[in-house]
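Colleague: The following block contains the structure, expressed as structure tokens.
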Amino acid sequence: MTELIVLYRMPNDPERFDKYYREVHGPITSKLPGLKGYNYGRVCALDGGTGEFFWYWSGTFDSRQAALDALASPEGLAGAADVPNYYHDDPLFMFFEK
């Protein structure tokens, strides 16, 4: 199993980001082919305050290749094209092998 993690730093408009992600972008990501499960939400530091990252998305796939294929699919490309609608930068993508 492979977990794909996507991290976002503080957006220009945190409230707009939160609303847009929950209502528009999150549902797009739920349609990635091969996705076994996912979670997303706000991130905070250990003390509960603002940390290095603002938001995360975590999705589980059968393999790294399955995750890469999902990102290259029409649904994955639609998700990538949607990012500028709510975020001003490129998010950080990481893989974790389970």
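Chain labels A, B, ... are given in the sequence in which chains occur in the structure tokens; within each chain residues are numbered consecutively from 1, and ligands are likewise numbered from 1 in the order shown.
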Can you pull out every residue within 10 Å of region 68-74 of chain A, counting only C-alpha atoms, but drop anything in the same chain fewer than 5 positions away, and send it as a PyMOL selection string?

Modeller: chain A and resi 4+29+31-35+61+63+79-80

Colleague: Taking the backbone alone, and naming residues the way the document does, which bits of chain A are helix (DSSP H, G or I) by DSSP, as a PyMOL selection string?

Modeller: chain A and resi 14-29+64-72+74-85

Colleague: Emit the selected residues as a short mmCIF file (atom, residue, chain, number, x, y, z; two decimals), in the first residue's frame, including N, CA, C and O atoms.

Modeller:
```
data_model
loop_
_atom_site.label_atom_id
_atom_site.label_comp_id
_atom_site.auth_asym_id
_atom_site.auth_seq_id
_atom_site.Cartn_x
_atom_site.Cartn_y
_atom_site.Cartn_z
N PRO A 14 -7.31 31.96 4.14
CA PRO A 14 -7.58 30.66 4.76
C PRO A 14 -9.05 30.25 4.79
O PRO A 14 -9.38 29.09 4.55
N GLU A 15 -9.95 31.18 5.06
CA GLU A 15 -11.37 30.83 5.14
C GLU A 15 -11.92 30.44 3.76
O GLU A 15 -12.69 29.49 3.64
N ARG A 16 -11.51 31.18 2.74
CA ARG A 16 -11.94 30.85 1.37
C ARG A 16 -11.38 29.49 0.96
O ARG A 16 -12.06 28.67 0.36
N PHE A 17 -10.11 29.24 1.29
CA PHE A 17 -9.47 27.96 0.99
C PHE A 17 -10.29 26.83 1.61
O PHE A 17 -10.65 25.86 0.94
N ASP A 18 -10.57 26.93 2.89
CA ASP A 18 -11.29 25.89 3.63
C ASP A 18 -12.65 25.61 2.97
O ASP A 18 -12.99 24.46 2.68
N LYS A 19 -13.40 26.65 2.72
CA LYS A 19 -14.74 26.50 2.13
C LYS A 19 -14.64 25.88 0.74
O LYS A 19 -15.37 24.93 0.42
N TYR A 20 -13.75 26.38 -0.10
CA TYR A 20 -13.62 25.88 -1.47
C TYR A 20 -13.18 24.42 -1.48
O TYR A 20 -13.71 23.60 -2.22
N TYR A 21 -12.20 24.10 -0.63
CA TYR A 21 -11.70 22.74 -0.60
C TYR A 21 -12.80 21.76 -0.20
O TYR A 21 -12.97 20.71 -0.82
N ARG A 22 -13.52 22.09 0.84
CA ARG A 22 -14.58 21.19 1.32
C ARG A 22 -15.73 21.05 0.31
O ARG A 22 -16.29 19.96 0.15
N GLU A 23 -16.07 22.12 -0.37
CA GLU A 23 -17.23 22.11 -1.26
C GLU A 23 -16.92 21.71 -2.69
O GLU A 23 -17.77 21.16 -3.38
N VAL A 24 -15.70 22.00 -3.16
CA VAL A 24 -15.38 21.78 -4.57
C VAL A 24 -14.21 20.82 -4.76
O VAL A 24 -14.35 19.77 -5.39
N HIS A 25 -13.05 21.16 -4.23
CA HIS A 25 -11.85 20.37 -4.53
C HIS A 25 -11.87 18.99 -3.86
O HIS A 25 -11.49 18.00 -4.50
N GLY A 26 -12.29 18.91 -2.63
CA GLY A 26 -12.36 17.62 -1.95
C GLY A 26 -13.19 16.61 -2.71
O GLY A 26 -12.75 15.47 -2.92
N PRO A 27 -14.40 16.98 -3.17
CA PRO A 27 -15.18 16.03 -3.96
C PRO A 27 -14.49 15.62 -5.27
O PRO A 27 -14.65 14.48 -5.71
N ILE A 28 -13.70 16.50 -5.87
CA ILE A 28 -12.94 16.13 -7.07
C ILE A 28 -11.95 15.03 -6.72
O ILE A 28 -11.83 14.03 -7.44
N THR A 29 -11.23 15.20 -5.61
CA THR A 29 -10.21 14.21 -5.24
C THR A 29 -10.82 12.86 -4.88
O THR A 29 -10.17 11.83 -5.03
N ARG A 64 2.54 2.78 -5.51
CA ARG A 64 2.98 4.11 -5.95
C ARG A 64 2.54 4.34 -7.39
O ARG A 64 2.12 5.43 -7.76
N GLN A 65 2.68 3.30 -8.21
CA GLN A 65 2.28 3.43 -9.62
C GLN A 65 0.79 3.72 -9.74
O GLN A 65 0.37 4.52 -10.58
N ALA A 66 -0.03 3.09 -8.91
CA ALA A 66 -1.47 3.36 -8.94
C ALA A 66 -1.75 4.82 -8.59
O ALA A 66 -2.63 5.44 -9.19
N ALA A 67 -1.00 5.37 -7.64
CA ALA A 67 -1.17 6.79 -7.28
C ALA A 67 -0.74 7.69 -8.43
O ALA A 67 -1.43 8.67 -8.75
N LEU A 68 0.38 7.37 -9.06
CA LEU A 68 0.85 8.16 -10.20
C LEU A 68 -0.15 8.08 -11.36
O LEU A 68 -0.42 9.09 -12.02
N ASP A 69 -0.69 6.89 -11.59
CA ASP A 69 -1.70 6.73 -12.64
C ASP A 69 -2.94 7.57 -12.33
O ASP A 69 -3.53 8.17 -13.23
N ALA A 70 -3.33 7.61 -11.06
CA ALA A 70 -4.49 8.40 -10.65
C ALA A 70 -4.25 9.89 -10.91
O ALA A 70 -5.13 10.59 -11.39
N LEU A 71 -3.05 10.35 -10.59
CA LEU A 71 -2.73 11.77 -10.81
C LEU A 71 -2.72 12.12 -12.30
O LEU A 71 -3.04 13.25 -12.68
N ALA A 72 -2.37 11.14 -13.15
CA ALA A 72 -2.31 11.37 -14.60
C ALA A 72 -3.66 11.13 -15.29
O ALA A 72 -3.79 11.41 -16.48
N PRO A 74 -7.82 11.60 -16.12
CA PRO A 74 -8.64 12.80 -16.32
C PRO A 74 -9.08 13.43 -14.99
O PRO A 74 -9.08 14.67 -14.85
N GLU A 75 -9.41 12.60 -14.00
CA GLU A 75 -9.82 13.13 -12.69
C GLU A 75 -8.65 13.82 -11.98
O GLU A 75 -8.82 14.87 -11.36
N GLY A 76 -7.47 13.21 -12.07
CA GLY A 76 -6.28 13.80 -11.47
C GLY A 76 -5.89 15.11 -12.14
O GLY A 76 -5.52 16.08 -11.48
N LEU A 77 -5.98 15.14 -13.46
CA LEU A 77 -5.67 16.37 -14.20
C LEU A 77 -6.69 17.47 -13.90
O LEU A 77 -6.32 18.64 -13.80
N ALA A 78 -7.95 17.08 -13.71
CA ALA A 78 -8.98 18.07 -13.33
C ALA A 78 -8.67 18.64 -11.95
O ALA A 78 -8.81 19.84 -11.72
N GLY A 79 -8.23 17.78 -11.03
CA GLY A 79 -7.85 18.26 -9.71
C GLY A 79 -6.68 19.22 -9.77
O GLY A 79 -6.69 20.27 -9.13
N ALA A 80 -5.67 18.87 -10.55
CA ALA A 80 -4.49 19.75 -10.69
C ALA A 80 -4.89 21.09 -11.30
O ALA A 80 -4.41 22.15 -10.86
N ALA A 81 -5.76 21.07 -12.29
CA ALA A 81 -6.21 22.31 -12.93
C ALA A 81 -7.04 23.17 -11.98
O ALA A 81 -7.11 24.39 -12.16
N ASP A 82 -7.63 22.56 -10.97
CA ASP A 82 -8.49 23.29 -10.02
C ASP A 82 -7.69 24.02 -8.94
O ASP A 82 -8.19 24.98 -8.35
N VAL A 83 -6.46 23.60 -8.68
CA VAL A 83 -5.67 24.17 -7.58
C VAL A 83 -5.60 25.70 -7.63
O VAL A 83 -5.80 26.36 -6.60
N PRO A 84 -5.32 26.33 -8.78
CA PRO A 84 -5.24 27.80 -8.79
C PRO A 84 -6.55 28.50 -8.41
O PRO A 84 -6.55 29.70 -8.11
N ASN A 85 -7.65 27.78 -8.38
CA ASN A 85 -8.93 28.38 -7.99
C ASN A 85 -9.03 28.63 -6.49
O ASN A 85 -9.92 29.36 -6.05
#
```

Colleague: For Gly59 (chain A), find every residue with an atom within 7 Å (counting only C-alpha atoms), except residues of its own chain fewer than 6 positions away, and show them as a list in words.

Modeller: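 These residues fall inside the cut-off: Glu3, Leu4, Ile5, Leu35, Gly37, Tyr38 and Asn39 of chain A.
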
Colleague: To one decimal in Å, tell me the separation between CA of Pro91 (chain A) and CA of Gly49 (chain A).

Modeller: 20.5 Å

Colleague: Can you pull out every residue within 10 Å of region 42-48 of chain A, counting only C-alpha atoms, but drop anything in the same chain fewer than 4 positions away, and send it as a count of residues only?

Modeller: 11

Colleague: Suppose you want the space between CA of Asp13 (chain A) and CA of Phe93 (chain A); what is it in Å?

Modeller: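 For CA of Asp13 (chain A) relative to CA of Phe93 (chain A), the distance reads 21.2 Å.
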
Colleague: Between CA of Ser30 (chain A) and CA of His88 (chain A), what is the distance, to one decimal in Å?

Modeller: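 Between CA of Ser30 (chain A) and CA of His88 (chain A) the gap works out to 22.0 Å.
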
Colleague: Would you please give, as number ranges by chain, all residues of chain A that DSSP assigns to strand (DSSP E) based on the backbone?

Modeller: A: 2-8, 37-42, 55-61, 92-97

Colleague: Please, could you write that set of residues out with N, CA, C and O atoms as an mmCIF file, in the first residue's frame?

Modeller:
```cif
data_model
loop_
_atom_site.group_PDB
_atom_site.id
_atom_site.type_symbol
_atom_site.label_atom_id
_atom_site.label_comp_id
_atom_site.auth_asym_id
_atom_site.auth_seq_id
_atom_site.Cartn_x
_atom_site.Cartn_y
_atom_site.Cartn_z
ATOM 1 N N THR A 2 0.402 2.280 -0.644
ATOM 2 C CA THR A 2 1.097 3.556 -0.717
ATOM 3 C C THR A 2 0.153 4.660 -0.282
ATOM 4 O O THR A 2 -1.021 4.673 -0.661
ATOM 5 N N GLU A 3 0.678 5.551 0.509
ATOM 6 C CA GLU A 3 -0.094 6.717 0.920
ATOM 7 C C GLU A 3 0.496 7.935 0.236
ATOM 8 O O GLU A 3 1.706 8.165 0.287
ATOM 9 N N LEU A 4 -0.359 8.690 -0.419
ATOM 10 C CA LEU A 4 0.035 9.951 -1.036
ATOM 11 C C LEU A 4 -0.408 11.062 -0.101
ATOM 12 O O LEU A 4 -1.585 11.129 0.276
ATOM 13 N N ILE A 5 0.534 11.909 0.301
ATOM 14 C CA ILE A 5 0.242 13.041 1.176
ATOM 15 C C ILE A 5 0.444 14.328 0.374
ATOM 16 O O ILE A 5 1.457 14.476 -0.319
ATOM 17 N N VAL A 6 -0.491 15.238 0.488
ATOM 18 C CA VAL A 6 -0.380 16.554 -0.141
ATOM 19 C C VAL A 6 -0.491 17.585 0.974
ATOM 20 O O VAL A 6 -1.449 17.559 1.750
ATOM 21 N N LEU A 7 0.505 18.473 1.056
ATOM 22 C CA LEU A 7 0.538 19.494 2.105
ATOM 23 C C LEU A 7 0.495 20.890 1.499
ATOM 24 O O LEU A 7 1.155 21.162 0.489
ATOM 25 N N TYR A 8 -0.259 21.755 2.139
ATOM 26 C CA TYR A 8 -0.405 23.145 1.712
ATOM 27 C C TYR A 8 0.082 24.065 2.820
ATOM 28 O O TYR A 8 -0.297 23.894 3.973
ATOM 29 N N GLY A 37 -9.077 5.109 0.005
ATOM 30 C CA GLY A 37 -9.614 5.919 1.091
ATOM 31 C C GLY A 37 -8.835 7.211 1.169
ATOM 32 O O GLY A 37 -7.711 7.297 0.679
ATOM 33 N N TYR A 38 -9.433 8.230 1.781
ATOM 34 C CA TYR A 38 -8.753 9.520 1.878
ATOM 35 C C TYR A 38 -9.266 10.299 3.080
ATOM 36 O O TYR A 38 -10.342 10.039 3.604
ATOM 37 N N ASN A 39 -8.456 11.262 3.493
ATOM 38 C CA ASN A 39 -8.795 12.217 4.556
ATOM 39 C C ASN A 39 -8.199 13.559 4.175
ATOM 40 O O ASN A 39 -7.204 13.622 3.453
ATOM 41 N N TYR A 40 -8.789 14.619 4.693
ATOM 42 C CA TYR A 40 -8.197 15.940 4.515
ATOM 43 C C TYR A 40 -8.677 16.860 5.620
ATOM 44 O O TYR A 40 -9.666 16.579 6.287
ATOM 45 N N GLY A 41 -7.943 17.949 5.815
ATOM 46 C CA GLY A 41 -8.347 18.923 6.806
ATOM 47 C C GLY A 41 -7.213 19.832 7.226
ATOM 48 O O GLY A 41 -6.103 19.761 6.705
ATOM 49 N N ARG A 42 -7.527 20.673 8.184
ATOM 50 C CA ARG A 42 -6.545 21.637 8.691
ATOM 51 C C ARG A 42 -5.469 20.942 9.514
ATOM 52 O O ARG A 42 -5.713 19.923 10.151
ATOM 53 N N TRP A 55 -2.908 22.763 5.664
ATOM 54 C CA TRP A 55 -3.895 21.783 5.229
ATOM 55 C C TRP A 55 -3.198 20.547 4.710
ATOM 56 O O TRP A 55 -2.086 20.627 4.197
ATOM 57 N N TYR A 56 -3.862 19.393 4.831
ATOM 58 C CA TYR A 56 -3.326 18.166 4.254
ATOM 59 C C TYR A 56 -4.412 17.402 3.518
ATOM 60 O O TYR A 56 -5.613 17.571 3.786
ATOM 61 N N TRP A 57 -3.982 16.572 2.595
ATOM 62 C CA TRP A 57 -4.817 15.555 1.970
ATOM 63 C C TRP A 57 -4.010 14.272 2.007
ATOM 64 O O TRP A 57 -2.813 14.274 1.711
ATOM 65 N N SER A 58 -4.624 13.182 2.369
ATOM 66 C CA SER A 58 -3.961 11.886 2.438
ATOM 67 C C SER A 58 -4.840 10.859 1.749
ATOM 68 O O SER A 58 -6.013 10.704 2.109
ATOM 69 N N GLY A 59 -4.282 10.169 0.750
ATOM 70 C CA GLY A 59 -5.022 9.142 0.036
ATOM 71 C C GLY A 59 -4.226 7.855 -0.035
ATOM 72 O O GLY A 59 -3.005 7.875 -0.164
ATOM 73 N N THR A 60 -4.917 6.723 0.052
ATOM 74 C CA THR A 60 -4.274 5.411 0.016
ATOM 75 C C THR A 60 -4.553 4.728 -1.316
ATOM 76 O O THR A 60 -5.701 4.725 -1.796
ATOM 77 N N PHE A 61 -3.497 4.152 -1.878
ATOM 78 C CA PHE A 61 -3.561 3.439 -3.156
ATOM 79 C C PHE A 61 -2.859 2.091 -3.000
ATOM 80 O O PHE A 61 -2.053 1.910 -2.081
ATOM 81 N N LEU A 92 2.897 20.537 -1.701
ATOM 82 C CA LEU A 92 3.969 19.557 -1.579
ATOM 83 C C LEU A 92 3.359 18.154 -1.628
ATOM 84 O O LEU A 92 2.446 17.858 -0.872
ATOM 85 N N PHE A 93 3.869 17.300 -2.524
ATOM 86 C CA PHE A 93 3.412 15.912 -2.658
ATOM 87 C C PHE A 93 4.483 14.983 -2.120
ATOM 88 O O PHE A 93 5.667 15.148 -2.420
ATOM 89 N N MET A 94 4.067 13.971 -1.336
ATOM 90 C CA MET A 94 4.989 12.972 -0.794
ATOM 91 C C MET A 94 4.336 11.599 -0.832
ATOM 92 O O MET A 94 3.120 11.494 -0.679
ATOM 93 N N PHE A 95 5.160 10.573 -0.989
ATOM 94 C CA PHE A 95 4.685 9.200 -0.912
ATOM 95 C C PHE A 95 5.215 8.545 0.347
ATOM 96 O O PHE A 95 6.358 8.766 0.734
ATOM 97 N N PHE A 96 4.381 7.712 0.967
ATOM 98 C CA PHE A 96 4.786 6.874 2.084
ATOM 99 C C PHE A 96 4.417 5.442 1.731
ATOM 100 O O PHE A 96 3.268 5.171 1.383
ATOM 101 N N GLU A 97 5.381 4.564 1.800
ATOM 102 C CA GLU A 97 5.124 3.153 1.528
ATOM 103 C C GLU A 97 4.737 2.474 2.826
ATOM 104 O O GLU A 97 5.398 2.636 3.842
#
```
